[in-house]
Amino acid sequence: MEPWLEEAGALGGVDTGKLAGLALRLLHNLSFDEAGRTEMASAGAIPQALALLRSPAHRTGALGLLYHLSLERSHRPLFLAAPAAATAALPSLLLAAGDLRTAPELAALAVNLSMDNQLAADMAGGGALAALLGKALAARDPLALRITRNLAERCATADAVVAFAPAADALADLLTDPTTDADVRVEALGLLAHAALPPLRWRPILARSGLPAWLVAALVPGGAADDIALEAVMAGGALCTTDTAPLLAQAGLGTALVALLAERRADDECALRHAAM
């Protein structure tokens, strides 16, 4: 039991479990205000709310409050410094959850914290990145893919290779499957841009899956939505190595990129992504 709850319960003569729920509800409502969030973070609300994640009765309320407190980048290091570090609980909660679209507070908190380099490294450790990636691909869950993508962007190369090596085939199949939802495909492409690391042998996967032809089709002007086309540019660049370049060129990737650049020459974001390749 947290000290502030014990003290409040003693003063008010009320059940501390009920008091915790009421306090969380009030704090959550107050945390819609930025100044209120700053005051709560300074007063130590983050470690106390983290401790309440252990209680199923208070978990949803604690997650909602923690999500709001994670909105400011300046607050995120406080999660790492807390005695009950968020990173110790989040991976297990994410893996235990079903579709993360039914757990919006948990998903939103994980997305925010996974954008911090140190928190992401902790969240990805101990095999958690590989487990989360497997869950995301199996469930075709766009929120789980977004979290995994954030972790991959900030994860050490060696850890990422260990996580992605067994999932590379499934990732390619997900992208080329015509039934894959657009929001899932966007996140999977972003993930691929960070999973296509040199130690992974992509050539046999590309040859088997037909992914080069799919990328070319996505890059044809009008062939895919803008967000998918932009992510496809990045994924194509990440996949292009000395080993895979002949396959990608044979599929027409270079020609498609030139045509897309000509068609989108006024689009700064598209041009910059081409340049980044």
# chains A, B, ... in the order shown; residues from 1 in each chain; ligands from 1
>>> residues_around(residues="region 249-252 of chain A", least_positions_apart="2", cutoff="12 Å", atoms="only C-alpha atoms", output="count of residues only")
30
>>> residues_around(residues="region 177-185 of chain A", least_positions_apart="4", cutoff="7 Å", atoms="only C-alpha atoms", output="list in words")
Arg140, Asp141, Pro142, Asp173 and Leu189 of chain A
>>> select_by_dssp(residues="region 50-204 of chain A", states="helix (DSSP H, G or I)", output="MDAnalysis selection string")
chainID A and resid 50:54 56:69 73:81 86:96 100:102 104:113 117:124 128:139 142:154 157:176 182:195 203:204
>>> residues_around(residues="Leu133 (chain A)", least_positions_apart="5", cutoff="9 Å", atoms="only C-alpha atoms", output="list of chain:residue names")
A:Ala128, A:Ala138, A:Ala144, A:Leu145, A:Thr148, A:Arg149, A:Ala163, A:Phe164, A:Ala167
>>> write_last_selection(atoms="N, CA and C atoms", output="CSV table (one decimal), in the first residue's frame")
chain,number,residue,atom,x,y,z
A,128,ALA,N,12.2,-9.5,-24.8
A,128,ALA,CA,10.9,-8.9,-25.0
A,128,ALA,C,10.6,-8.5,-26.4
A,138,ALA,N,1.6,-12.1,-35.5
A,138,ALA,CA,0.6,-13.1,-35.5
A,138,ALA,C,-0.8,-12.5,-35.4
A,144,ALA,N,0.5,-2.9,-31.8
A,144,ALA,CA,1.6,-3.7,-31.4
A,144,ALA,C,2.8,-3.5,-32.3
A,145,LEU,N,2.5,-3.4,-33.6
A,145,LEU,CA,3.5,-3.2,-34.6
A,145,LEU,C,4.2,-1.8,-34.4
A,148,THR,N,6.5,-2.1,-31.5
A,148,THR,CA,7.7,-2.8,-31.9
A,148,THR,C,8.6,-2.0,-32.8
A,149,ARG,N,8.0,-1.3,-33.7
A,149,ARG,CA,8.7,-0.4,-34.6
A,149,ARG,C,9.5,0.7,-33.9
A,163,ALA,N,16.0,-10.5,-32.7
A,163,ALA,CA,14.6,-10.4,-32.7
A,163,ALA,C,14.0,-10.7,-34.0
A,164,PHE,N,14.6,-10.1,-35.1
A,164,PHE,CA,14.0,-10.1,-36.4
A,164,PHE,C,14.3,-11.3,-37.2
A,167,ALA,N,11.6,-13.7,-37.7
A,167,ALA,CA,10.3,-13.1,-38.1
A,167,ALA,C,10.4,-12.5,-39.5
>>> residues_around(residues="region 150-153 of chain A", least_positions_apart="3", cutoff="12 Å", atoms="only C-alpha atoms", output="VMD selection string")
chain A and resid 91 110 to 125 128 to 130 132 to 133 143 to 147 156 to 164 187 to 188 190 to 197
>>> residues_around(residues="Phe79 (chain A)", least_positions_apart="6", cutoff="10 Å", atoms="only C-alpha atoms", output="JSON, numbers by chain")
{"A": [41, 46, 47, 50, 66, 69, 70, 85, 86, 87, 113, 119]}
>>> atom_distance(atom1="CA of Thr38 (chain A)", atom2="CA of His75 (chain A)")
8.0 Å
>>> atom_distance(atom1="CA of Gly61 (chain A)", atom2="CA of Gly21 (chain A)")
7.3 Å
